[in-house]
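Coordinates as given in upload.cif (mmCIF, C-alpha atoms):
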data_my_file
#
loop_
_atom_site.label_atom_id
_atom_site.label_comp_id
_atom_site.auth_asym_id
_atom_site.auth_seq_id
_atom_site.Cartn_x
_atom_site.Cartn_y
_atom_site.Cartn_z
CA MET D 1 -73.27 -28.24 -102.48
CA ARG D 2 -73.89 -28.02 -98.78
CA LEU D 3 -76.60 -29.82 -96.89
CA ILE D 4 -78.42 -26.54 -96.38
CA ASP D 5 -78.59 -26.12 -100.15
CA LEU D 6 -80.92 -29.09 -100.31
CA VAL D 7 -83.62 -26.88 -98.80
CA GLY D 8 -83.84 -25.11 -102.14
CA LEU D 9 -84.81 -28.41 -103.70
CA LEU D 10 -87.62 -29.02 -101.24
CA PRO D 11 -90.31 -27.06 -103.19
CA LEU D 12 -89.30 -28.90 -106.34
CA ALA D 13 -89.53 -32.20 -104.50
CA LEU D 14 -93.00 -31.22 -103.31
CA LEU D 15 -94.09 -30.42 -106.88
CA ILE D 16 -92.63 -33.69 -108.16
CA THR D 17 -94.42 -35.72 -105.52
CA LEU D 18 -97.66 -33.85 -106.23
CA ALA D 19 -97.41 -34.64 -109.94
CA VAL D 20 -96.42 -38.26 -109.40
CA GLY D 21 -98.95 -38.71 -106.60
CA GLY D 22 -101.73 -37.52 -108.87
CA VAL D 23 -101.16 -40.24 -111.44
CA GLY D 24 -104.09 -42.63 -111.49
CA ARG D 25 -105.90 -40.83 -108.67
CA HIS D 26 -108.87 -38.52 -108.98
CA GLU D 27 -109.87 -37.56 -105.43
CA PRO D 28 -108.01 -34.48 -104.09
CA HIS D 29 -107.54 -35.85 -100.58
CA GLU D 30 -106.19 -39.06 -102.03
CA ILE D 31 -103.69 -37.14 -104.17
CA VAL D 32 -102.54 -35.03 -101.20
CA ARG D 33 -102.22 -38.06 -98.93
CA THR D 34 -100.17 -40.02 -101.47
CA SER D 35 -98.02 -37.00 -102.29
CA LEU D 36 -97.19 -36.32 -98.65
CA SER D 37 -96.37 -39.95 -98.11
CA ARG D 38 -94.00 -39.95 -101.07
CA LEU D 39 -92.50 -36.64 -100.03
CA GLY D 40 -91.70 -38.13 -96.64
CA THR D 41 -90.08 -41.13 -98.28
CA LEU D 42 -88.10 -38.88 -100.61
CA VAL D 43 -86.88 -36.62 -97.82
CA VAL D 44 -85.84 -39.58 -95.69
CA VAL D 45 -83.99 -41.27 -98.56
CA VAL D 46 -82.22 -38.12 -99.74
CA GLY D 47 -81.48 -37.08 -96.18
CA CYS D 48 -80.01 -40.47 -95.33
CA VAL D 49 -77.88 -40.58 -98.48
CA ALA D 50 -76.64 -37.04 -97.85
CA GLY D 51 -75.95 -37.80 -94.22
CA VAL D 52 -74.01 -40.95 -95.05
CA ALA D 53 -72.02 -39.11 -97.71
CA ARG D 54 -71.25 -36.34 -95.23
CA LEU D 55 -70.20 -38.89 -92.64
CA LEU D 56 -67.91 -40.68 -95.07
CA ILE D 57 -66.31 -37.38 -96.03
CA ALA D 58 -65.83 -36.45 -92.41
CA LEU D 59 -64.28 -39.81 -91.59
CA PHE D 60 -62.04 -40.47 -94.54
CA VAL D 61 -61.29 -37.23 -96.34
CA MET F 1 -113.07 -44.18 -89.01
CA ASP F 2 -111.93 -44.52 -92.58
CA VAL F 3 -114.46 -43.22 -95.05
CA VAL F 4 -114.50 -44.90 -98.41
CA ALA F 5 -114.63 -42.34 -101.20
CA PRO F 6 -117.47 -42.84 -103.64
CA PRO F 7 -116.41 -43.90 -107.09
CA PRO F 8 -116.18 -41.16 -109.68
CA PRO F 9 -119.33 -40.65 -111.68
CA PRO F 10 -119.56 -42.64 -114.88
CA ARG F 11 -118.42 -40.77 -117.96
CA LEU F 12 -120.65 -41.44 -120.86
CA GLY F 13 -119.91 -40.71 -124.47
CA PRO F 14 -117.21 -41.97 -126.78
CA PRO F 15 -113.63 -41.91 -125.46
CA PRO F 16 -111.35 -39.23 -126.93
CA ASN F 17 -108.55 -39.97 -129.34
CA ALA F 18 -105.40 -40.89 -127.41
CA PHE F 19 -103.06 -39.37 -130.00
CA LEU F 20 -104.94 -36.07 -129.88
CA VAL F 21 -104.88 -36.07 -126.08
CA GLY F 22 -101.11 -36.61 -126.11
CA ILE F 23 -100.46 -33.86 -128.62
CA VAL F 24 -102.74 -31.37 -126.89
CA GLY F 25 -101.19 -32.21 -123.52
CA LEU F 26 -97.76 -31.62 -124.96
CA LEU F 27 -98.81 -28.21 -126.24
CA LEU F 28 -100.25 -26.98 -122.95
CA PRO F 29 -99.88 -28.77 -119.60
CA GLY F 30 -103.24 -30.07 -118.39
CA LEU F 31 -105.11 -29.54 -121.65
CA GLY F 32 -104.96 -33.27 -122.40
CA HIS F 33 -106.89 -33.92 -119.19
CA VAL F 34 -109.55 -31.43 -120.25
CA LEU F 35 -109.95 -33.30 -123.53
CA ALA F 36 -110.02 -36.62 -121.66
CA GLY F 37 -112.92 -35.40 -119.52
CA ARG F 38 -111.06 -34.46 -116.31
CA PRO F 39 -110.82 -30.64 -116.35
CA GLY F 40 -110.17 -30.37 -112.62
CA LYS F 41 -107.16 -32.59 -112.84
CA GLY F 42 -106.02 -30.70 -115.91
CA PHE F 43 -106.03 -27.51 -113.87
CA PHE F 44 -104.10 -29.31 -111.13
CA TYR F 45 -101.34 -30.35 -113.53
CA PHE F 46 -101.33 -26.93 -115.16
CA ALA F 47 -100.75 -25.41 -111.73
CA VAL F 48 -98.02 -27.87 -110.76
CA VAL F 49 -96.08 -27.60 -114.03
CA GLY F 50 -96.67 -23.86 -114.27
CA LEU F 51 -95.50 -23.27 -110.71
CA ALA F 52 -92.28 -25.24 -111.29
CA PHE F 53 -91.64 -23.42 -114.57
CA THR F 54 -92.31 -19.90 -113.32
CA THR F 55 -90.32 -20.48 -110.13
CA GLY F 56 -87.36 -21.63 -112.18
CA LEU F 57 -87.76 -18.71 -114.53
CA TRP F 58 -87.74 -16.29 -111.62
CA MET F 59 -84.68 -17.96 -110.09
CA THR F 60 -82.71 -17.49 -113.29
CA GLY F 61 -83.69 -13.86 -113.76
CA LEU F 62 -85.98 -14.67 -116.73
CA VAL F 63 -83.13 -16.00 -118.88
CA ALA F 64 -83.72 -19.71 -118.38
CA VAL F 65 -84.99 -20.50 -121.87
CA ASN F 66 -82.28 -20.12 -124.47
CA PRO F 67 -81.59 -22.98 -126.89
CA ASP F 68 -78.36 -21.40 -128.13
CA ARG F 69 -76.81 -21.09 -124.68
CA ASP F 70 -78.37 -24.07 -122.87
CA ALA F 71 -79.42 -26.56 -125.54
CA LEU F 72 -79.63 -29.54 -123.21
CA TRP F 73 -81.77 -27.71 -120.67
CA PHE F 74 -83.94 -26.43 -123.50
CA ALA F 75 -84.66 -30.02 -124.55
CA GLY F 76 -86.23 -30.60 -121.16
CA GLN F 77 -87.95 -27.23 -121.02
CA ALA F 78 -89.48 -27.76 -124.46
CA LEU F 79 -91.54 -30.62 -123.05
CA ALA F 80 -93.63 -28.00 -121.25
CA GLY F 81 -94.94 -26.96 -124.67
CA LEU F 82 -96.22 -23.55 -125.66
CA PRO F 83 -95.23 -21.77 -122.41
CA THR F 84 -91.58 -22.54 -123.19
CA LEU F 85 -92.00 -21.26 -126.73
CA GLY F 86 -93.68 -18.11 -125.48
CA VAL F 87 -91.01 -17.43 -122.87
CA TRP F 88 -88.29 -18.06 -125.43
CA GLN F 89 -89.80 -15.55 -127.84
CA ALA F 90 -90.38 -13.01 -125.09
CA THR F 91 -86.93 -13.24 -123.50
CA LYS F 92 -84.63 -14.06 -126.39
CA ASP F 93 -83.35 -10.50 -126.53
CA LEU F 94 -82.50 -10.36 -122.84
CA VAL F 95 -78.78 -10.42 -122.08
CA PRO F 96 -77.86 -11.62 -118.59
CA THR F 97 -75.65 -9.07 -116.89
CA GLU F 98 -74.76 -11.27 -113.96
CA ARG F 99 -75.13 -14.90 -113.09
CA LEU F 100 -77.51 -15.23 -110.16
CA ALA F 101 -76.65 -17.58 -107.32
CA THR F 102 -79.86 -19.47 -107.93
CA PHE F 103 -79.33 -19.79 -111.68
CA ASP F 104 -78.47 -23.50 -111.70
CA LEU F 105 -81.32 -24.30 -109.34
CA GLY F 106 -83.69 -22.33 -111.57
CA MET F 107 -82.56 -24.23 -114.63
CA LEU F 108 -83.27 -27.43 -112.75
CA TYR F 109 -86.77 -26.20 -111.89
CA THR F 110 -87.59 -25.32 -115.50
CA GLY F 111 -86.17 -28.59 -116.84
CA VAL F 112 -88.06 -30.65 -114.31
CA ALA F 113 -91.22 -28.71 -115.18
CA GLY F 114 -91.00 -30.08 -118.70
CA LEU F 115 -90.49 -33.59 -117.38
CA LEU F 116 -93.47 -33.20 -115.07
CA ASN F 117 -95.57 -32.43 -118.13
CA VAL F 118 -94.58 -35.85 -119.47
CA VAL F 119 -95.98 -37.33 -116.26
CA ALA F 120 -99.16 -35.32 -116.81
CA ILE F 121 -99.47 -36.60 -120.39
CA ALA F 122 -98.99 -40.18 -119.21
CA ASP F 123 -101.77 -39.68 -116.67
CA ALA F 124 -104.10 -38.22 -119.32
CA LEU F 125 -103.40 -41.20 -121.58
CA GLY F 126 -104.21 -43.48 -118.64
CA ILE F 127 -107.58 -41.74 -118.30
CA VAL F 128 -108.23 -42.29 -122.02
CA GLU F 129 -107.35 -45.96 -121.59
CA ASP F 130 -109.81 -46.23 -118.69
CA ARG F 131 -112.53 -44.63 -120.77
CA VAL F 132 -111.88 -46.98 -123.67
CA ALA F 133 -112.15 -49.92 -121.28
CA GLU F 134 -115.38 -48.48 -119.84
CA ALA F 135 -116.88 -48.07 -123.31
CA ASP F 136 -115.86 -51.60 -124.21
CA MET F 137 -117.42 -52.90 -120.98
CA ARG F 138 -120.65 -51.02 -121.67
CA ARG F 139 -120.79 -52.43 -125.19
CA ARG F 140 -120.20 -55.97 -123.94
CA SER F 141 -122.81 -55.56 -121.19
CA ALA F 142 -125.39 -54.35 -123.68
CA ALA F 143 -124.63 -57.29 -125.98
CA VAL F 144 -124.93 -59.79 -123.11
CA GLU F 145 -128.19 -58.21 -121.92
CA ALA F 146 -129.64 -58.36 -125.42
CA HIS F 147 -128.56 -61.99 -125.77
CA LEU F 148 -130.07 -62.91 -122.39
CA ALA F 149 -133.33 -61.17 -123.27
CA ALA F 150 -133.53 -63.06 -126.57
CA GLU F 151 -132.87 -66.34 -124.77
CA ALA F 152 -135.54 -65.57 -122.19
CA ARG F 153 -138.05 -64.87 -124.95
CA ALA F 154 -137.15 -68.13 -126.71
CA LEU F 155 -137.48 -70.11 -123.47
CA ALA F 156 -140.84 -68.51 -122.73
CA ALA F 157 -142.06 -69.48 -126.18
CA LEU F 158 -140.90 -73.09 -125.65
CA ASP F 159 -142.44 -73.34 -122.18
CA ALA F 160 -145.85 -72.02 -123.23
CA PRO F 161 -148.30 -74.99 -123.56
CA PRO F 162 -150.18 -75.33 -126.81
CA ALA F 163 -153.60 -73.77 -126.97
CA GLY F 164 -156.46 -75.96 -125.71
CA SER F 165 -154.28 -78.39 -123.78
CA LEU F 166 -155.15 -79.27 -120.19
CA PRO F 167 -152.63 -78.32 -117.54
CA HIS F 168 -152.19 -80.30 -114.32
CA ASP F 169 -155.18 -78.73 -112.59
CA GLY F 170 -157.50 -79.85 -115.32
CA LEU F 171 -158.60 -76.43 -116.40
CA PRO F 172 -158.37 -75.64 -120.06
CA VAL F 173 -155.78 -73.19 -121.06
CA ALA F 174 -157.01 -70.14 -122.80
CA GLY F 175 -155.45 -70.25 -126.16
CA PRO F 176 -155.72 -68.08 -129.18
CA PRO F 177 -159.22 -67.79 -130.54
CA THR F 178 -160.10 -70.51 -133.01
CA GLU F 179 -162.66 -70.51 -135.70
CA ALA F 180 -166.04 -70.86 -133.97
CA ALA F 181 -168.22 -73.85 -134.77
CA PRO F 182 -171.58 -73.06 -136.39
CA ALA F 183 -174.15 -72.33 -133.77
CA THR F 184 -177.06 -74.79 -133.36
CA VAL F 185 -180.47 -73.26 -133.56
CA PRO F 186 -183.37 -75.31 -132.13
CA SER F 187 -185.98 -75.88 -134.76
CA THR F 188 -189.61 -75.26 -134.12
CA ASP F 189 -190.74 -78.70 -135.19
CA GLY F 190 -188.58 -80.48 -132.61
CA GLY F 191 -186.27 -81.92 -135.20
CA PRO F 192 -182.58 -81.63 -135.15
CA ALA F 193 -181.20 -78.23 -135.64
CA SER F 194 -179.55 -77.51 -138.83
#

Using the file provided, produce a representation of the structure as structure tokens.
Amino acid sequence: MRLIDLVGLLPLALLITLAVGGVGRHEPHEIVRTSLSRLGTLVVVVGCVAGVARLLIALFV
Amino acid sequence: MDVVAPPPPPRLGPPPNAFLVGIVGLLLPGLGHVLAGRPGKGFFYFAVVGLAFTTGLWMTGLVAVNPDRDALWFAGQALAGLPTLGVWQATKDLVPTERLATFDLGMLYTGVAGLLNVVAIADALGIVEDRVAEADMRRRSAAVEAHLAAEARALAALDAPPAGSLPHDGLPVAGPPTEAAPATVPSTDGGPAS
């Protein structure tokens, strides 16, 4: 899997964060705000992990 | 300026059965929320789970649901309930001629859709739990109010002075009517009245 292939997972990540962000919340703007916040966290974490893995491969493989 | 959202309106009525909400939510994504009294949120979860499922189905060329070929994926897809069953029945005769490049990604989408329905069911059960707590709180409040009212009545009865007694200002207290003394009628001969 290439880094660009992760783009295909972005809509799924958005749906996951929407579903998880809606738990325990009832106001739409609150759900959207929480979901976007979690999506940002998810993208940063996955991006960092992928970047580090790519860097390690480039350095040592 | 941050605006504080008003609290959701109180939901009156008895809380729904949690087991029934779970089963109904497992059958159709979002239906548990409708039963729990949150139809808007039920539609939201139906849209989220349905979008993930249909996107995955489209990515696989409509051959995502097949328990004979992909049993492990089917276990996840089955959590989406009746839509999975319907798609399975509708597409079980389809034979894939070629493996699409997005097939694996589509299988992931459909499997995650089933797992998202589990999240939706958990949320619906949380709503039921909130409603049970609300009903319990209402019942306790009513009991406390009734107890306080009874105490107030008892205290008022204790504080009320007995009829005919003189309060601090020296005025007689109007009490309940007592049996009237026989009236004196002046006699014509100047003697004492009978």

Inset, instruction - Take the PyMOL selection byres ((chain D and resi 32) around 12), apply it to the structure above, and return the hits as a PyMOL selection string. - result: (chain D and resi 14-15+17-23+25-31+33-39) or (chain F and resi 44)

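All residues of protein, DNA or RNA that reach within 10 Å of Leu6 in chain D, judged by only C-alpha atoms and not counting those fewer than 2 positions away in the chain, are Met1, Arg2, Leu3, Ile4, Gly8, Leu9, Leu10, Val43, Val46, Gly47 and Ala50 of chain D.
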
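For the choices F:Met107, F:Ala64, F:Val119, F:Ala101, the atom-to-atom distance to chain D is smallest for F:Val119 when using all atoms listed in the file.
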
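Every protein or nucleic acid residue with an atom no more than 9 Å from Val87 in chain F, counting only C-alpha atoms and leaving out same-chain residues fewer than 6 positions away, appears here: Leu62, Val63, Ala64 and Val65 of chain F.
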
Inset, instruction - Take CA of Ala113 in chain F and CA of Thr54 in chain F and report the distance between them in Å, one decimal. - result: 9.1 Å

Inset, instruction - Calculate how many Å separate CA of Phe19 in chain F from CA of Asn66 in chain F, rounding to one decimal. - result: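 Spanning CA of Phe19 in chain F to CA of Asn66 in chain F is a straight-line distance of 28.9 Å.
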
Inset, instruction - Please determine the contact residues of chain F with respect to chain D at a cut-off of 8 Å, counting only C-alpha atoms, and supply them as a PyMOL selection string. - result: chain F and resi 5+8+41+45+48-49+52+105+109+116+119-120+123+126-127

Legend entry - Which of F:Leu51, F:Leu85, F:Ala142, F:Leu148 sits closest to Gly106 in chain F [using only C-alpha atoms]: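 Closest candidate: F:Leu51.
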
Inset, instruction - For CA of Ala53 in chain D and CA of Gly111 in chain F, quote the distance in Å rounded to one decimal. - result: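 CA of Ala53 in chain D sits 26.0 Å away from CA of Gly111 in chain F.
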
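Under the PyMOL selection byres ((chain F and resi 75) around 12), the matching residues in the shown file are Val65, Asn66, Pro67, Asp68, Arg69, Asp70, Ala71, Leu72, Trp73, Phe74, Gly76, Gln77, Ala78, Leu79, Ala80, Gly81, Thr84, Leu85, Met107, Thr110, Gly111, Val112, Ala113, Gly114 and Leu115 of chain F.
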
Inset, instruction - Considering all atoms listed in the file, state which residue in the set F:Val95, F:Leu108, F:Val24, F:Val34 is at the smallest distance from Thr55 in chain F. - result: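 For Thr55 in chain F, the nearest of the candidates is F:Leu108.
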
Grab all the atoms of range 12-29 of chain F that the file lists, wrap them in a box along x, y and z, add 6 Å per side, and give me centre plus edge lengths in Å (one decimal) as lines of an AutoDock Vina configuration file.
center_x = -109.2
center_y = -34.5
center_z = -124.8
size_x = 34.9
size_y = 27.0
size_z = 22.4

Inset, instruction - Please write as a list in words the full residue list that the PyMOL selection byres ((chain F and resi 22) around 9) yields on this file. - result: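 So the PyMOL selection byres ((chain F and resi 22) around 9) ends up selecting Asn17, Ala18, Phe19, Leu20, Val21, Ile23, Val24, Gly25, Leu26, Leu27, Gly32, Ile121, Ala122, Ala124 and Leu125 of chain F.
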
Inset, instruction - For each of F:Leu57, F:Ala143, F:Ala36, F:Leu158, take the minimum atom-to-atom distance to Pro16 in chain F, counting all atoms listed in the file, then give the residue where this is smallest. - result: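 Counting all atoms listed in the file, the residue closest to Pro16 in chain F is F:Ala36.
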